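Beneath this line is the structure, given in structure tokens, with notes to follow.
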Amino acid sequence: MTNLNGVYQFNINAPNFLTTRPVRVAYPRVPFRGNDSFTNPFEDRLNKAYLENTARENPNIKNILSEYNIPIKVNTEELNKLQNGHLRDTRVLSAKIYSALPVEMKNEVNISELQEAAMYHDIGKVLLPNDILNKNGSLSPKEREIVELHSQLGYELLKDSGLSENTLNLIKYHHQTPDKNGYPVAESDFHYDISEQILRVADEYSALTEDRSYKTAMSKDKALEIIKQDVVDGTISPEIYNSLKMAISY
């Protein structure tokens, strides 16, 4: 793995992601700005003004938030925290898990779409109140409902931004389960495929192993123990779990 100003690279044909001849899989070609610096291919959609304007112009977002008396306002603290932590970590881990998969499973994944979905999956949280997102204690049932809005809100924020239908559905359904007991309600566009499982695992592992206002970071082993239960429950495949273990062992 190499890092060129934040652009991680992996050899998708190697047995694992460690290689001396990396190739870029996460991003499309990125133009130069100035002499040496790369642009961030995600930065336009993560811009505060863009997100706030999009939210104000979207009647579905207005309806969702008004039901809970939440004003349309971008939570700048949450946006910065997501960009510099969880979204980035989930994107990198998704690429590592993909790289460690058997070839036949890789062939069923569009890595560019997966990386986009990983980088945007929690963006809907920037429209939610900070005192709920970072509450130091258990959430009430009403507060839990509000937090769960983030998947649908993220989809609504980005549905007209040029992302593919598959990427948007990964964002919308990253908390859905194969038995459709997650959120938001699974409609005809829901498909619990390998990409969905990779994003779910990367998201869960990142969340478990980082400090948050309501918990301390778990150890790698404890997080793996919790995620292993997903294999037992049939939520993720053993191959994806094993790829996760490979991905975090370096």
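Labeling convention for the structure tokens: chains A, B, ... as they appear, residues from 1 per chain, ligands from 1 in order of appearance.
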Residues of region 68-90 of chain A at most 12 Å from region 195-215 of chain A: nearest atom pair and distance in Å, only C-alpha atoms, as a Markdown table:
| residue | atom | partner | partner_atom | distance |
| --- | --- | --- | --- | --- |
| A:Glu78 | CA | A:Arg212 | CA | 11.8 |
| A:Lys81 | CA | A:Arg212 | CA | 10.8 |
| A:Leu82 | CA | A:Ala207 | CA | 11.2 |
| A:Gly85 | CA | A:Glu210 | CA | 8.8 |
| A:His86 | CA | A:Ser206 | CA | 6.5 |
| A:Leu87 | CA | A:Asp203 | CA | 8.4 |
| A:Arg88 | CA | A:Ser206 | CA | 9.7 |
| A:Asp89 | CA | A:Ser206 | CA | 6.5 |
| A:Thr90 | CA | A:Ala202 | CA | 5.3 |
For the residues selected in the previous step, produce a file with C-alpha atoms as a CSV table (one decimal), in the first residue's frame.
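Contents of the output file selection-v8.csv:
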chain,number,residue,atom,x,y,z
A,78,GLU,CA,-19.6,16.5,12.6
A,81,LYS,CA,-14.9,14.8,12.2
A,82,LEU,CA,-16.3,12.5,9.5
A,85,GLY,CA,-11.8,10.1,10.7
A,86,HIS,CA,-14.6,7.6,10.1
A,87,LEU,CA,-15.3,8.2,6.4
A,88,ARG,CA,-11.7,8.1,5.5
A,89,ASP,CA,-11.0,5.0,7.6
A,90,THR,CA,-14.0,3.2,6.2
Of the candidates A:Thr76, A:Asn134, A:Asn107, A:Gln115, which one gets nearest to Leu93 (chain A) if we count only C-alpha atoms?
A:Gln115
Would you work out the distance separating CA of Asp131 (chain A) from CA of Asn69 (chain A), expressed in Å to one decimal?
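CA of Asn69 (chain A) lies 14.2 Å from CA of Asp131 (chain A).
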Among region 66-118 of chain A, which residues does DSSP mark as helix (DSSP H, G or I) when it is run on the backbone? Keep the chain and numbering as in the structure and answer as JSON, numbers by chain.
{"A": [66, 76, 77, 78, 79, 80, 81, 82, 83, 84, 85, 86, 87, 88, 89, 90, 91, 92, 93, 94, 95, 96, 97, 98, 99, 100, 103, 104, 105, 106, 111, 112, 113, 114, 115, 116, 117, 118]}
Region 171-230 of chain A: residues DSSP assigns to strand (DSSP E or B), reported as a PyMOL selection string:
chain A and resi 175+183+212+215
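Taking CA of Asn47 (chain A) and CA of Lys172 (chain A) as the two end points, the separation is 19.7 Å.
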Atomic separation - CA of Ile97 (chain A) relative to CA of Lys220 (chain A), Å
15.2 Å
Neighbouring residues of region 231-243 of chain A were defined as those with any atom within 9 Å, considering only C-alpha atoms; residues of the same chain fewer than 5 positions away were excluded. Please report them as JSON, numbers by chain.
{"A": [96, 97, 98, 99, 100, 101, 102, 105, 177, 178, 179, 194, 197, 198, 200, 201, 224, 248]}
Nearest to Asn169 (chain A), restricted to only C-alpha atoms and choosing among A:Glu57, A:Asp221, A:Asp193, A:Glu143, comes out as A:Asp193
With a distance cut-off of 12 Å and only C-alpha atoms, select the neighbouring residues of Arg45 (chain A), excluding the residue or stretch itself and same-chain residues fewer than 4 positions from it, and output the selection as a PDB file with C-alpha atoms, in the first residue's frame.
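That gives us selection-v8.pdb:
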ATOM      1  CA  ASN A  40      -9.381  15.395  -3.456  1.00  0.00           C
ATOM      2  CA  PRO A  41     -11.948  13.655  -5.677  1.00  0.00           C
ATOM      3  CA  ALA A  49     -22.093  25.157   1.234  1.00  0.00           C
ATOM      4  CA  TYR A  50     -22.913  22.451  -1.306  1.00  0.00           C
ATOM      5  CA  LEU A  51     -24.502  20.222   1.327  1.00  0.00           C
ATOM      6  CA  GLU A  52     -26.515  23.029   2.906  1.00  0.00           C
ATOM      7  CA  ASN A  53     -27.804  24.328  -0.440  1.00  0.00           C
ATOM      8  CA  THR A  54     -28.725  20.833  -1.563  1.00  0.00           C
ATOM      9  CA  LEU A  79     -18.611  17.185   8.930  1.00  0.00           C
ATOM     10  CA  GLN A  83     -13.958  13.700   6.803  1.00  0.00           C
ATOM     11  CA  GLU A 116     -17.429   6.316  -3.203  1.00  0.00           C
ATOM     12  CA  MET A 119     -16.518   7.872   1.666  1.00  0.00           C
ATOM     13  CA  TYR A 120     -20.078   9.220   1.731  1.00  0.00           C
ATOM     14  CA  ILE A 123     -22.766  12.118   5.273  1.00  0.00           C
ATOM     15  CA  GLY A 124     -26.439  12.400   6.303  1.00  0.00           C
ATOM     16  CA  GLY A 154     -27.325  10.863   2.936  1.00  0.00           C
ATOM     17  CA  LEU A 157     -28.213  14.752  -0.255  1.00  0.00           C
ATOM     18  CA  LEU A 158     -26.322  12.921  -2.991  1.00  0.00           C
ATOM     19  CA  LYS A 159     -28.972  11.474  -5.302  1.00  0.00           C
ATOM     20  CA  ASP A 160     -28.556  14.248  -7.883  1.00  0.00           C
ATOM     21  CA  SER A 161     -24.782  14.621  -7.526  1.00  0.00           C
ATOM     22  CA  GLY A 162     -23.775  12.307 -10.375  1.00  0.00           C
ATOM     23  CA  LEU A 163     -23.157   9.163  -8.337  1.00  0.00           C
TER      24      LEU A 163
END
